[in-house]
Structure formats: structure tokens, C-alpha cells
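Undergrad: What follows is query25.cif, mmCIF, C-alpha atoms and all ligand atoms.
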data_entry
loop_
_atom_site.label_atom_id
_atom_site.label_comp_id
_atom_site.auth_asym_id
_atom_site.auth_seq_id
_atom_site.Cartn_x
_atom_site.Cartn_y
_atom_site.Cartn_z
CA MET A 795 37.38 2.64 18.09
CA GLY A 796 39.44 -0.54 17.99
CA HIS A 797 36.29 -2.62 17.68
CA CYS A 798 34.60 -0.50 15.09
CA PHE A 799 34.78 -1.80 11.56
CA SER A 800 35.26 0.22 8.47
CA TYR A 801 34.87 -0.33 4.75
CA PRO A 802 35.77 -2.04 2.53
CA SER A 803 35.20 -5.48 3.98
CA SER A 804 38.18 -7.76 3.85
CA THR A 805 36.11 -10.93 3.90
CA SER A 806 33.54 -10.34 1.23
CA LYS A 807 34.31 -11.45 -2.29
CA THR A 808 32.01 -8.79 -3.60
CA ASP A 809 32.66 -5.10 -3.35
CA LEU A 810 29.89 -4.55 -0.88
CA HIS A 811 31.36 -2.36 1.77
CA ASN A 812 33.17 0.37 0.00
CA ASN A 813 31.23 3.34 1.30
CA GLY A 814 31.54 4.28 4.89
CA THR A 815 29.13 7.12 5.32
CA THR A 816 26.53 6.46 7.95
CA ASN A 817 23.96 9.10 7.48
CA ASN A 818 21.13 9.33 9.93
CA LEU A 819 18.51 10.23 7.37
CA SER A 820 15.20 10.10 9.11
CA ASN A 821 12.72 8.50 6.78
CA GLY A 822 10.23 8.38 9.64
CA THR A 823 9.80 12.12 9.69
CA LYS A 824 9.87 12.59 5.95
CA PHE A 825 7.24 10.34 4.68
CA SER A 826 4.20 12.03 6.15
CA SER A 827 4.99 15.04 4.01
CA THR A 828 5.70 13.04 0.88
CA THR A 829 2.45 11.13 1.14
CA ALA A 830 0.71 14.39 0.40
CA THR A 831 1.80 14.16 -3.25
CA THR A 832 -0.95 15.61 -5.31
CA THR A 833 -0.99 13.47 -8.45
CA SER A 834 -3.67 10.82 -8.40
CA SER A 835 -2.73 7.17 -8.06
CA SER A 836 -4.79 6.29 -11.12
CA ILE A 837 -2.21 7.98 -13.32
CA GLU A 838 0.52 5.94 -11.74
CA ARG A 839 -1.37 2.71 -12.19
CA ARG A 840 -2.18 3.37 -15.82
CA SER A 841 1.45 3.98 -16.67
CA GLN A 842 2.37 0.74 -14.95
CA PHE A 843 0.07 -1.24 -17.14
CA SER A 844 0.95 0.40 -20.36
CA GLU A 845 4.53 -0.66 -19.58
CA ALA A 846 3.46 -4.16 -18.77
CA ALA A 847 1.51 -4.31 -22.00
CA SER A 848 4.47 -3.27 -24.09
CA ASP A 849 6.36 -6.33 -22.91
CA THR A 850 3.69 -8.95 -23.13
CA SER A 851 1.61 -9.71 -26.15
CA GLY A 852 -1.98 -10.77 -26.10
CA GLY A 853 -3.36 -8.69 -23.25
CA THR A 854 -7.05 -7.91 -23.18
CA MET A 855 -8.29 -4.47 -22.29
CA SER A 856 -11.13 -4.40 -19.83
CA HIS A 857 -13.06 -1.21 -19.24
CA SER A 858 -10.89 -0.39 -16.26
CA GLY A 859 -7.42 -1.49 -17.31
CA LEU A 860 -5.32 -4.09 -18.92
CA LEU A 861 -5.42 -7.65 -17.68
CA LEU A 862 -2.66 -9.63 -19.30
CA GLU A 863 -3.37 -13.06 -20.71
CA THR A 864 -2.50 -15.62 -18.08
CA PRO A 865 -3.58 -18.96 -19.51
CA HIS A 866 -2.29 -21.05 -16.62
CA LEU A 867 -4.37 -19.21 -14.04
CA LYS A 868 -7.76 -20.65 -13.21
CA VAL A 869 -10.68 -18.26 -13.40
CA TYR A 870 -13.11 -18.91 -10.54
CA SER A 871 -16.67 -17.78 -10.05
CA PHE A 872 -17.52 -16.08 -6.76
CA MET A 873 -19.88 -18.96 -5.94
CA GLU A 874 -17.04 -21.47 -6.33
CA LEU A 875 -14.79 -19.61 -3.92
CA LYS A 876 -17.66 -19.19 -1.49
CA THR A 877 -17.97 -22.98 -1.46
CA ALA A 878 -14.22 -23.53 -1.17
CA THR A 879 -13.99 -21.33 1.94
CA LYS A 880 -17.18 -22.46 3.72
CA ASN A 881 -18.83 -19.17 2.85
CA PHE A 882 -15.84 -17.14 4.08
CA LYS A 883 -16.47 -18.40 7.59
CA PRO A 884 -14.54 -16.41 10.20
CA ASP A 885 -12.95 -19.58 11.56
CA SER A 886 -11.30 -20.24 8.19
CA MET A 887 -9.59 -16.85 8.21
CA LEU A 888 -5.81 -17.05 7.97
CA GLY A 889 -5.00 -13.38 8.29
CA GLN A 890 -5.84 -9.86 7.32
CA GLY A 891 -3.86 -7.27 5.38
CA GLY A 892 -4.47 -3.68 4.43
CA PHE A 893 -6.56 -4.65 1.40
CA GLY A 894 -8.59 -7.62 2.50
CA LYS A 895 -8.94 -10.86 4.39
CA VAL A 896 -7.28 -14.17 3.60
CA TYR A 897 -9.20 -17.44 4.08
CA ARG A 898 -8.30 -21.11 4.05
CA GLY A 899 -10.04 -22.94 1.19
CA TRP A 900 -10.02 -26.38 -0.44
CA VAL A 901 -9.58 -27.26 -4.13
CA ASP A 902 -9.05 -30.40 -6.17
CA THR A 903 -5.33 -31.12 -6.52
CA LYS A 904 -5.46 -31.72 -10.29
CA THR A 905 -8.22 -29.52 -11.64
CA LEU A 906 -8.03 -26.82 -8.92
CA ALA A 907 -11.85 -26.87 -8.89
CA PRO A 908 -13.35 -26.12 -5.46
CA SER A 909 -13.72 -29.23 -3.36
CA LYS A 910 -15.30 -30.23 -0.08
CA VAL A 911 -13.53 -29.16 3.09
CA GLY A 912 -10.91 -31.79 3.90
CA SER A 913 -10.53 -33.19 0.38
CA GLY A 914 -7.94 -32.11 -2.19
CA MET A 915 -5.48 -29.44 -1.15
CA ILE A 916 -5.60 -26.32 0.97
CA VAL A 917 -5.31 -22.94 -0.73
CA ALA A 918 -5.29 -19.36 0.54
CA VAL A 919 -8.12 -17.21 -0.81
CA LYS A 920 -7.66 -13.46 -0.55
CA ARG A 921 -10.87 -11.46 -0.76
CA LEU A 922 -10.04 -7.84 -1.50
CA ASN A 923 -11.94 -4.83 -0.33
CA SER A 924 -13.31 -3.96 -3.72
CA ASP A 925 -14.70 -0.55 -2.87
CA SER A 926 -11.42 1.34 -3.18
CA PHE A 927 -9.65 1.98 -6.46
CA GLN A 928 -6.45 0.88 -4.76
CA GLY A 929 -7.96 -2.53 -3.96
CA PHE A 930 -8.63 -3.10 -7.65
CA ALA A 931 -5.21 -1.83 -8.69
CA GLU A 932 -3.51 -4.21 -6.26
CA TRP A 933 -5.62 -7.14 -7.46
CA ARG A 934 -4.78 -6.44 -11.09
CA SER A 935 -1.10 -5.96 -10.38
CA GLU A 936 -1.02 -9.27 -8.53
CA VAL A 937 -2.68 -11.13 -11.43
CA ASN A 938 -0.43 -9.53 -14.02
CA PHE A 939 2.88 -9.99 -12.21
CA LEU A 940 2.32 -13.38 -10.64
CA GLY A 941 0.69 -14.56 -13.86
CA MET A 942 3.92 -13.78 -15.71
CA LEU A 943 6.55 -14.75 -13.16
CA SER A 944 7.43 -18.11 -11.73
CA HIS A 945 10.18 -18.94 -9.25
CA PRO A 946 10.48 -21.27 -6.22
CA ASN A 947 10.83 -18.21 -3.96
CA LEU A 948 7.73 -16.40 -5.20
CA VAL A 949 4.34 -17.47 -3.92
CA LYS A 950 2.32 -19.24 -6.59
CA LEU A 951 -0.92 -17.64 -7.76
CA LEU A 952 -3.31 -20.42 -8.82
CA GLY A 953 -6.29 -18.41 -9.95
CA TYR A 954 -8.52 -15.43 -9.50
CA CYS A 955 -12.10 -14.22 -9.56
CA ARG A 956 -13.57 -10.95 -10.67
CA GLU A 957 -17.33 -10.79 -10.48
CA ASP A 958 -19.25 -7.56 -10.06
CA LYS A 959 -17.48 -5.83 -7.19
CA GLU A 960 -15.89 -9.02 -5.89
CA LEU A 961 -12.12 -9.40 -6.43
CA LEU A 962 -10.39 -12.54 -5.19
CA LEU A 963 -7.05 -14.25 -5.57
CA VAL A 964 -6.26 -17.92 -4.96
CA TYR A 965 -2.71 -18.80 -3.86
CA GLU A 966 -0.82 -21.89 -2.83
CA PHE A 967 -1.19 -22.28 0.93
CA MET A 968 1.82 -21.37 3.03
CA PRO A 969 1.43 -23.40 6.24
CA LYS A 970 4.10 -21.67 8.32
CA GLY A 971 2.64 -18.17 7.96
CA SER A 972 4.87 -15.15 7.52
CA LEU A 973 8.31 -14.18 8.84
CA GLU A 974 6.62 -11.30 10.64
CA THR A 975 4.46 -13.72 12.67
CA HIS A 976 7.51 -15.69 13.81
CA LEU A 977 9.63 -12.69 14.66
CA PHE A 978 7.09 -10.52 16.42
CA ARG A 979 3.90 -12.34 17.30
CA ARG A 980 4.98 -15.39 19.20
CA ASN A 981 6.39 -15.83 22.67
CA GLU A 982 8.83 -18.49 21.62
CA SER A 983 11.90 -17.04 19.93
CA PHE A 984 12.53 -17.99 16.33
CA PRO A 985 15.77 -19.98 15.83
CA TRP A 986 18.73 -18.39 14.07
CA ASP A 987 19.22 -21.18 11.51
CA LEU A 988 15.63 -20.71 10.31
CA ARG A 989 16.06 -16.94 10.19
CA ILE A 990 19.07 -17.20 7.91
CA LYS A 991 17.44 -19.87 5.74
CA ILE A 992 14.45 -17.59 5.22
CA LEU A 993 16.61 -14.57 4.42
CA ILE A 994 18.47 -16.58 1.79
CA GLY A 995 15.22 -17.75 0.17
CA ALA A 996 13.80 -14.23 0.15
CA ALA A 997 17.07 -12.82 -1.26
CA ARG A 998 16.88 -15.41 -4.03
CA GLY A 999 13.33 -14.36 -4.88
CA LEU A 1000 14.23 -10.67 -4.96
CA ALA A 1001 17.40 -11.34 -6.99
CA TYR A 1002 15.25 -13.20 -9.52
CA LEU A 1003 12.87 -10.23 -9.84
CA HIS A 1004 15.72 -7.78 -10.25
CA GLY A 1005 17.49 -10.01 -12.75
CA SER A 1006 14.47 -10.75 -14.92
CA GLN A 1007 14.48 -9.62 -18.56
CA ARG A 1008 12.72 -6.40 -17.69
CA GLU A 1009 13.61 -5.86 -14.06
CA VAL A 1010 10.76 -5.86 -11.58
CA ILE A 1011 10.85 -3.46 -8.64
CA TYR A 1012 8.90 -5.15 -5.90
CA ARG A 1013 8.36 -2.02 -3.78
CA ASP A 1014 6.82 -3.56 -0.68
CA PHE A 1015 9.48 -5.84 0.74
CA LYS A 1016 8.81 -6.51 4.44
CA ALA A 1017 8.62 -9.35 6.93
CA SER A 1018 4.86 -9.85 6.52
CA ASN A 1019 5.28 -10.38 2.76
CA ILE A 1020 7.73 -13.25 3.25
CA LEU A 1021 5.58 -16.36 3.51
CA LEU A 1022 6.83 -19.78 4.56
CA ASP A 1023 6.09 -23.25 3.27
CA SER A 1024 6.15 -26.41 5.38
CA LYS A 1025 9.97 -26.50 5.30
CA TYR A 1026 10.34 -22.80 6.09
CA ASP A 1027 11.35 -22.06 2.53
CA ALA A 1028 10.58 -18.40 1.90
CA LYS A 1029 8.26 -17.17 -0.83
CA ILE A 1030 7.66 -13.52 -1.55
CA SER A 1031 3.98 -12.64 -1.77
CA ASP A 1032 1.90 -9.57 -2.48
CA PHE A 1033 2.76 -7.95 -5.80
CA GLY A 1034 0.14 -5.26 -5.43
CA LEU A 1035 2.69 -2.47 -5.54
CA ALA A 1036 5.24 -4.04 -7.90
CA LYS A 1037 6.42 -2.13 -10.96
CA LEU A 1038 8.38 -2.90 -14.06
CA GLY A 1039 11.69 -1.10 -13.80
CA PRO A 1040 12.59 1.59 -16.32
CA SER A 1041 14.44 0.56 -19.42
CA GLN A 1042 18.15 1.42 -19.25
CA GLU A 1043 19.75 2.54 -15.99
CA LYS A 1044 17.23 5.17 -15.03
CA SER A 1045 15.02 5.31 -12.01
CA HIS A 1046 11.30 4.87 -12.16
CA VAL A 1047 9.57 8.05 -11.04
CA THR A 1048 6.33 7.40 -9.25
CA THR A 1049 3.74 10.06 -8.87
CA ARG A 1050 2.62 8.77 -5.50
CA VAL A 1051 4.80 7.32 -2.81
CA MET A 1052 3.47 4.01 -1.51
CA GLY A 1053 4.85 1.39 0.79
CA THR A 1054 5.10 0.43 4.43
CA GLN A 1055 6.41 2.63 7.18
CA GLY A 1056 9.95 1.80 8.22
CA TYR A 1057 10.90 -0.09 5.05
CA ALA A 1058 10.83 2.58 2.34
CA ALA A 1059 14.16 3.84 1.03
CA PRO A 1060 15.02 7.49 1.74
CA GLU A 1061 15.37 8.48 -1.96
CA TYR A 1062 11.93 7.07 -2.67
CA MET A 1063 10.37 8.87 0.28
CA ALA A 1064 11.99 12.15 -0.67
CA THR A 1065 11.61 12.19 -4.45
CA GLY A 1066 9.44 9.27 -5.60
CA HIS A 1067 12.43 7.91 -7.54
CA LEU A 1068 12.31 4.15 -7.43
CA TYR A 1069 15.22 1.79 -8.17
CA VAL A 1070 15.78 -1.91 -7.68
CA LYS A 1071 18.16 -0.63 -5.00
CA SER A 1072 15.11 0.71 -3.15
CA ASP A 1073 14.15 -2.96 -2.65
CA VAL A 1074 17.70 -3.62 -1.42
CA TYR A 1075 17.20 -0.97 1.24
CA ALA A 1076 13.98 -2.66 2.41
CA PHE A 1077 15.83 -5.97 2.45
CA GLY A 1078 18.42 -4.35 4.75
CA VAL A 1079 15.62 -3.26 7.07
CA VAL A 1080 14.40 -6.87 7.23
CA LEU A 1081 17.98 -7.99 7.97
CA LEU A 1082 18.01 -5.58 10.90
CA GLU A 1083 14.65 -6.89 12.13
CA VAL A 1084 15.95 -10.45 11.94
CA MET A 1085 19.12 -9.55 13.88
CA THR A 1086 17.39 -7.58 16.61
CA GLY A 1087 13.92 -9.12 16.81
CA LEU A 1088 12.55 -5.57 16.67
CA ARG A 1089 10.06 -4.06 14.25
CA ALA A 1090 11.11 -1.70 11.46
CA HIS A 1091 8.81 0.95 12.85
CA ASP A 1092 7.20 0.99 16.26
CA PRO A 1093 5.52 4.18 17.47
CA ARG A 1094 5.44 2.74 21.00
CA ARG A 1095 9.22 2.93 21.28
CA PRO A 1096 10.73 6.02 22.97
CA ASN A 1097 11.41 9.18 21.02
CA GLY A 1098 14.19 8.72 18.50
CA GLN A 1099 13.82 4.94 18.48
CA GLU A 1100 10.62 4.60 16.45
CA SER A 1101 12.50 3.95 13.23
CA LEU A 1102 14.77 0.94 13.68
CA VAL A 1103 17.21 2.07 10.99
CA ASP A 1104 17.59 5.60 12.32
CA TRP A 1105 17.99 4.29 15.83
CA LEU A 1106 20.40 1.41 15.26
CA ARG A 1107 22.38 2.34 12.15
CA PRO A 1108 25.28 3.77 14.23
CA GLU A 1109 25.47 0.58 16.31
CA LEU A 1110 26.03 -1.58 13.25
CA SER A 1111 29.56 -0.37 12.65
CA CYS A 1112 30.94 -1.31 16.06
CA LYS A 1113 31.57 -4.95 17.00
CA TYR A 1114 30.87 -4.53 20.69
CA LYS A 1115 27.67 -2.65 19.93
CA VAL A 1116 26.47 -5.27 17.44
CA LYS A 1117 26.56 -7.86 20.19
CA ARG A 1118 24.30 -5.64 22.30
CA ILE A 1119 21.64 -5.14 19.66
CA MET A 1120 21.26 -8.83 18.72
CA ASP A 1121 17.98 -10.50 19.72
CA GLN A 1122 18.55 -11.92 23.21
CA GLY A 1123 16.23 -14.86 22.45
CA ILE A 1124 18.75 -16.41 20.06
CA LYS A 1125 21.87 -15.97 22.18
CA GLY A 1126 24.27 -18.86 21.67
CA GLN A 1127 22.86 -19.85 18.27
CA TYR A 1128 25.31 -17.78 16.17
CA THR A 1129 28.97 -16.85 16.41
CA SER A 1130 30.26 -13.29 16.88
CA LYS A 1131 31.74 -13.45 13.40
CA VAL A 1132 28.27 -14.18 12.02
CA ALA A 1133 26.74 -11.27 13.93
CA ASN A 1134 29.44 -8.92 12.63
CA GLU A 1135 29.11 -10.08 9.04
CA MET A 1136 25.34 -9.63 9.31
CA ALA A 1137 25.92 -6.10 10.56
CA ARG A 1138 28.21 -5.34 7.60
CA ILE A 1139 25.80 -6.53 4.94
CA THR A 1140 22.88 -4.81 6.68
CA LEU A 1141 24.77 -1.55 6.80
CA SER A 1142 25.60 -1.71 3.11
CA CYS A 1143 21.97 -2.47 2.17
CA ILE A 1144 20.72 0.55 4.11
CA GLU A 1145 23.28 2.93 2.62
CA PRO A 1146 21.53 6.27 2.03
CA GLU A 1147 22.75 6.45 -1.59
CA PRO A 1148 21.10 3.78 -3.78
CA LYS A 1149 24.18 3.34 -5.95
CA ASN A 1150 26.25 2.43 -2.89
CA ARG A 1151 23.97 -0.48 -2.02
CA PRO A 1152 24.85 -3.95 -3.28
CA HIS A 1153 22.80 -5.83 -5.86
CA MET A 1154 20.55 -8.56 -4.48
CA LYS A 1155 22.71 -11.21 -6.11
CA GLU A 1156 25.66 -9.95 -4.03
CA VAL A 1157 23.55 -9.89 -0.88
CA LEU A 1158 22.55 -13.47 -1.60
CA ASP A 1159 26.19 -14.55 -1.97
CA VAL A 1160 27.14 -12.90 1.31
CA LEU A 1161 24.23 -14.50 3.17
CA GLU A 1162 25.21 -17.91 1.84
CA GLN A 1163 28.75 -17.35 3.10
CA ILE A 1164 27.38 -16.25 6.47
CA ARG A 1165 25.31 -19.43 6.72
CA LYS A 1166 28.44 -21.51 6.10
CA LEU A 1167 30.34 -19.52 8.73
CA ASN A 1168 27.95 -20.40 11.50
CA VAL A 1169 29.29 -23.83 12.38
CA VAL A 1170 30.25 -23.40 16.02
CA PRO A 1171 27.35 -22.10 18.07
CA ASP A 1172 27.93 -21.32 21.70
CA THR A 1173 26.66 -24.61 23.10
CA LYS A 1174 26.79 -23.38 26.72
CA SER A 1175 23.97 -20.89 26.21
CA ALA A 1176 22.01 -23.31 24.04
CA VAL A 1177 22.07 -25.82 26.90
CA ALA A 1178 21.22 -23.10 29.42
CA SER A 1179 17.92 -22.41 27.63
CA PRO A 1180 16.69 -25.65 26.07
CA SER A 1181 13.28 -24.24 25.15
CA ARG A 1182 15.10 -21.92 22.73
CA SER A 1183 16.69 -24.79 20.85
CA PRO A 1184 15.78 -24.79 17.14
CA HIS A 1185 14.60 -28.38 17.48
CA HIS A 1186 11.78 -27.37 19.80
CA TYR A 1187 10.23 -24.95 17.38
CA HIS A 1188 6.71 -25.74 16.17
CA TYR A 1189 4.21 -23.69 14.27
CA ARG A 1190 0.97 -24.25 12.39
CA ALA A 1191 -0.89 -21.51 10.50
CA GLY A 1192 -4.11 -20.54 12.21
CA ALA A 1193 -3.26 -22.62 15.31
CA ALA A 1194 -4.29 -21.46 18.77
CA GLY A 1195 -1.93 -18.88 20.20
CA VAL A 1196 -1.22 -17.31 16.85
CA GLU A 1197 -2.86 -14.01 16.27
CA ARG A 1198 -5.09 -14.44 13.23
CA LYS A 1199 -6.52 -11.02 12.91
CA ARG A 1200 -4.61 -7.85 13.23
CA ALA A 1201 -4.81 -4.17 12.62
CA PRO A 1202 -3.74 -3.21 9.11
CA PRO A 1203 -0.02 -2.54 9.00
CA GLY A 1204 1.23 1.03 8.72
CA ARG A 1205 1.04 1.37 4.97
CA PHE A 1206 0.98 4.83 3.54
CA GLY A 1207 0.13 6.54 0.30
CA VAL A 1208 -2.99 4.53 -0.32
CA GLY A 1209 -6.67 5.15 0.03
CA LYS A 1210 -7.92 2.11 1.86
N1 LIG B 1301 -0.66 -17.93 0.62
C1 LIG B 1301 -0.91 -17.82 1.93
N2 LIG B 1301 -0.88 -18.89 2.72
C2 LIG B 1301 -1.10 -18.78 4.06
N3 LIG B 1301 -1.38 -17.62 4.69
C3 LIG B 1301 -1.43 -16.51 3.95
C4 LIG B 1301 -1.20 -16.53 2.53
N4 LIG B 1301 -1.31 -15.27 2.06
C5 LIG B 1301 -1.57 -14.51 3.12
N5 LIG B 1301 -1.66 -15.23 4.26
C6 LIG B 1301 -1.93 -14.73 5.62
O1 LIG B 1301 -2.79 -13.62 5.54
C7 LIG B 1301 -2.15 -12.47 6.13
C8 LIG B 1301 -2.56 -11.24 5.35
O2 LIG B 1301 -1.92 -11.27 4.08
P1 LIG B 1301 -1.95 -10.03 3.10
O3 LIG B 1301 -1.04 -10.32 1.97
O4 LIG B 1301 -3.36 -9.70 2.76
O5 LIG B 1301 -1.48 -8.82 3.99
P2 LIG B 1301 -0.07 -8.32 4.53
O6 LIG B 1301 0.99 -8.52 3.51
O7 LIG B 1301 0.15 -8.91 5.87
O8 LIG B 1301 -0.36 -6.76 4.67
P3 LIG B 1301 -0.55 -5.69 3.49
O9 LIG B 1301 -1.20 -6.34 2.34
O10 LIG B 1301 -1.40 -4.64 4.07
O11 LIG B 1301 0.81 -5.23 3.17
C9 LIG B 1301 -0.65 -12.77 6.10
O12 LIG B 1301 0.04 -12.08 7.09
C10 LIG B 1301 -0.64 -14.28 6.29
O13 LIG B 1301 -0.72 -14.58 7.67
#
Let me see the structure of the file written as C-alpha cells.
Ligand SMILES: Nc1ncnc2c1ncn2[C@@H]1O[C@H](COP(=O)(O)OP(=O)(O)OP(=O)(O)O)[C@@H](O)[C@H]1O
TA:
Amino acid sequence: MGHCFSYPSSTSKTDLHNNGTTNNLSNGTKFSSTTATTTSSSIERRSQFSEAASDTSGGTMSHSGLLLETPHLKVYSFMELKTATKNFKPDSMLGQGGFGKVYRGWVDTKTLAPSKVGSGMIVAVKRLNSDSFQGFAEWRSEVNFLGMLSHPNLVKLLGYCREDKELLLVYEFMPKGSLETHLFRRNESFPWDLRIKILIGAARGLAYLHGSQREVIYRDFKASNILLDSKYDAKISDFGLAKLGPSQEKSHVTTRVMGTQGYAAPEYMATGHLYVKSDVYAFGVVLLEVMTGLRAHDPRRPNGQESLVDWLRPELSCKYKVKRIMDQGIKGQYTSKVANEMARITLSCIEPEPKNRPHMKEVLDVLEQIRKLNVVPDTKSAVASPSRSPHHYHYRAGAAGVERKRAPPGRFGVGK
């Protein structure tokens, strides 16, 4: 056990690693039973918006819920967005999520009015499947949250459209796609320095949400919701499941468990109790994905390995095991110290008990220290595999070789 580390950490300034229990709670087996919660999602959604309304003045009640006043968002007609996307032509599709398709569109840089293809600036237009109640709830949540919040690490919502059954959202365009695409959908391995840069940006975004006047629980943190701008700066997208946290130090109790398989915190799966620390757990899962290059949940893996956390949690506390689980594609781009510090912070984020997890601000501090630590990469391996060098990495959203369309991710608790 000489190589196994224990808590507390001697290097961290923050008190991150003071709980050593490594419990193999299997969220993978639990959530199928918890998704059978009987209360309807409409109740949950209504309570969310009455909370939102109590904090923001000037909302207008539509027949199906509260849409807060968001004066800086542009309201588009369906016709305008049809024009901006070349009639939602399949070749302008950027991607597909559980609730709709995302298209490339063009708008005027100043007025944001739809423009001809090739003039003005590119935007991403999400057209939601409007036939499910959940689709509408996600659309409304997105408009309300992103209409109120603004931060360099949150994707910018520029406008929206609601016309008959059509629900659309217009976002700033993120040319480098999502972290998920880079980690799992490309043959070329994604360089370590970009991975850590992205994690820091995402941590900053989440810390901002948790630190806002009335804390926001994001609830769907995962690699596919971390979008990347031209400099690989991370921006959190998709506020469809976000919730305002409870006042005081209580948890938010949801009547229906929703999220994405592999990322949901055990307390949330088991009880529906939601804390900002539930987001910290999901962040820890993303840390593990970034370290290993493996998906949070993969039913194609052998028995017992489907859930990344359940499978690899024990490996995170032993130095020699950490080395073994690191993504082979980035060998030589990080030091052993970096790998071990990553393992420590990951382990503390995925602590079974929410109160034992660090705050996002602490996670951010640790990641910034880890970035500074990584000054002496193993140059021998970097030379041995030049194609893996960070400088050779290129990506363009929608470019050939990048999967544009995919099966909806394994979200649960929703009626799609
Ligand atoms: N602002 C954007 N700029 C560029 N591409 C985007 C943008 N928003 C979304 N996309 C692309 O569209 C894809 C689908 O996004 P969407 O948010 O609908 O789904 P998701 O987050 O991948 O899955 P789900 O919504 O089911 O959780 C993304 O993976 C990304 O490739």
C-alpha cells in the first residue's frame, strides 16, 4: 500500500481530501428504479418557475407557464429562422440532442436579424421537438436561465422563437464543438493541455452558477454540454434541467429524477434530493472521463465496468493504478504528479456523501494549481508519437470525419 494515497491531501490549500471512504455505490443499477417515480414532471416544472418568478420581477404569464422578461434576447419569427438556416437543410445540421436538432444559421452581427448565408455571423439554431411537454419545459428553462445569467463560461443565448408548436433557440456558435466530440468521437487523441484548459473553464462556469445570488443547480453537467469556442474556451450549454437552489442550506427535492446516465449523483438517484454538490459529483465524472478517455457510462463494456465511477473509483487512490487508467493517447503530455493530483480531486468530487465533496470554487483552485504543475512533460514519448503532439490538433465543427448526427444520449426521467 506504499503507493496508495490517503486523505487529507498535503498539497492542496483547500480542505478537499479529508474523507477517505471509497464506497462503491452503484448508481447504474439504482436509477432504473428511481425513474419510475410517480409524480408528474409538470408539477416539478411549475414549482421551478414559481421560484424563478419570486426572484425576478416583471415576468409575463403565458397560458402554459411563466416566461421571464428578457429584454436583451431577440424574438424571432419561425420564418426568419427558416431563412437563417436555409430551411433547416440537413447539410447545415451541427448536431442532435435528446430534444431536437441544432443547425448552423446566419444573422447580422449588429441587429441579429437573419442574413444571407455567408454574410454576418454564424449562430447555432436549436429546433426543439415541440410535441412533448418536456421539450417545452426545457425550452422555457433555457430562455429563463440564460436570459438572466451572463458569464464568459456560459454559452450565450441570443434569441428565441415560439410560434404555434415551433420552439427554437438561437445561440452564439461554438466552432470547436463539444468536449464529448473531442474525447470520444475522433481518432486523433485530444491533447492534455487543452483538456485541462477546458476543465478550468467549465469549473469557472459552474462555480459562477453555484455562487450566484440565488444558487443555480445545473443538473445536467456532462461532456456533451461543454461547448468550445475557437480558442477552446469552455462554455456550459443546455439549461433545460437547471433549477434554482433552495433558500438556506437545504436540498432541493425533485419529484422526478432527471439527468444523464453515468453522471447523476447517488443521493439524487436514490432520493431526488438535489444539491449544488450533485453538480460537483457530475464534474468529478467528467474529470474521470478526461483522465481515462472513457465514457461515463458504456453498456458495451464488460459486466461491472459499465459505470466508469463504479469501475474505476478504487483505482484512483493508488498511484501505480492511476498511471494504468490514464488515457494512453496522451502519454508523455503530463507528469505523474499531475495524474495523481487529478486522481485526488476526482475522488473527492465523487465522494458518495454530498457534504464531503468540495465546492466548485475549490475544485477550480485545485485545477489551476494542477495546470501550473504540468511544466515538464515527458518529451521522449511526445517525440515518439509526433501525431499526438498538441500542435497537430485541428478541428472544425461539422467538418468531414466528425460525426454530425448521433443517437440521443442516455438521458432518463424524461418523456421524449
Ligand atoms: N452553440 C452551439 N454551437 C455549435 N454547436 C452546437 C451548439 N449547441 C449545440 N451544438 C451541437 O449540437 C449538438 C446537440 O446539442 P444539444 O444541446 O441539443 O444536445 P446534447 O447536449 O448533446 O444532448 P441532450 O440535450 O440530449 O443532453 C451538440 O453536441 C453540439 O455538437
Undergrad: Using only C-alpha atoms and all ligand atoms, which residues have at least one atom no more than 9 Å from ligand LIG 1301 (chain B)? Output them as number ranges by chain.
TA: A: 887-898, 916-922, 949-951, 964-975, 1014, 1016-1023, 1031-1034, 1053-1054, 1191-1192, 1197-1200, 1202-1205
Undergrad: What's the 10 Å shell around Pro1148 of chain A, counting all atoms listed in the file, without same-chain residues fewer than 6 positions away, as a ChimeraX atom specification?
TA: /A:1059-1062,1068-1075,1142
Undergrad: When you draw a straight line from atom CA of Met1154 of chain A to atom CA of Thr1140 of chain A, how long is it in Å?
TA: 12.0 Å
Undergrad: To one decimal in Å, tell me the separation between atom CA of Phe984 of chain A and atom CA of Lys1125 of chain A.
TA: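 So the two atoms, atom CA of Phe984 of chain A and atom CA of Lys1125 of chain A, lie 11.2 Å apart.
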Undergrad: Enclose the full set of atoms of segment 999-1016 of chain A listed in the file within a box whose edges lie along x, y and z, apply 8 Å of padding to each of the six sides, and report centre and edge lengths in Å to one decimal as lines of an AutoDock Vina configuration file.
TA:
center_x = 12.2
center_y = -8.2
center_z = -7.1
size_x = 26.7
size_y = 28.3
size_z = 39.0
Undergrad: What is the distance, in Å and to one decimal place, between atom CA of Ile1124 of chain A and atom CA of Glu982 of chain A?
TA: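 Calculated distance between atom CA of Ile1124 of chain A and atom CA of Glu982 of chain A is 10.3 Å.
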Undergrad: For segment 998-1001 of chain A, find every residue with an atom within 6 Å (counting all atoms listed in the file), except residues of its own chain fewer than 5 positions away, and show them as a list in words.
TA: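 Near segment 998-1001 of chain A, the qualifying residues are Asn947, Leu948, Met1154 and Lys1155 of chain A.
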Undergrad: Tell me which protein, DNA and RNA residues are within 9 Å of Lys991 of chain A, counting all atoms listed in the file, leaving out same-chain ones fewer than 5 positions away, and put them as a PyMOL selection string.
TA: chain A and resi 986+996+1026-1028+1162+1165
Undergrad: Env of Trp900 of chain A: 10 Å cut, atoms = all atoms listed in the file, seq-sep filter 2 positions within chain, self excluded. Answer as number ranges by chain.
TA: A: 875, 877-880, 898, 902-903, 906-919, 967
Undergrad: Could those residues be written to a file, using C-alpha atoms, as a tab-separated table (two decimals), keeping the file's coordinate frame?
TA:
chain	number	residue	atom	x	y	z
A	875	LEU	CA	-14.79	-19.61	-3.92
A	877	THR	CA	-17.97	-22.98	-1.46
A	878	ALA	CA	-14.22	-23.53	-1.17
A	879	THR	CA	-13.99	-21.33	1.94
A	880	LYS	CA	-17.18	-22.46	3.72
A	898	ARG	CA	-8.30	-21.11	4.05
A	902	ASP	CA	-9.05	-30.40	-6.17
A	903	THR	CA	-5.33	-31.12	-6.52
A	906	LEU	CA	-8.03	-26.82	-8.92
A	907	ALA	CA	-11.85	-26.87	-8.89
A	908	PRO	CA	-13.35	-26.12	-5.46
A	909	SER	CA	-13.72	-29.23	-3.36
A	910	LYS	CA	-15.30	-30.23	-0.08
A	911	VAL	CA	-13.53	-29.16	3.09
A	912	GLY	CA	-10.91	-31.79	3.90
A	913	SER	CA	-10.53	-33.19	0.38
A	914	GLY	CA	-7.94	-32.11	-2.19
A	915	MET	CA	-5.48	-29.44	-1.15
A	916	ILE	CA	-5.60	-26.32	0.97
A	917	VAL	CA	-5.31	-22.94	-0.73
A	918	ALA	CA	-5.29	-19.36	0.54
A	919	VAL	CA	-8.12	-17.21	-0.81
A	967	PHE	CA	-1.19	-22.28	0.93
Undergrad: Restricting the calculation to all atoms listed in the file, which member of A:Ile990, A:Val1160, A:Met1120, A:Cys955 is positioned closest to Met873 of chain A?
TA: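 Looking at the shortest contact to Met873 of chain A, the residue is A:Cys955.
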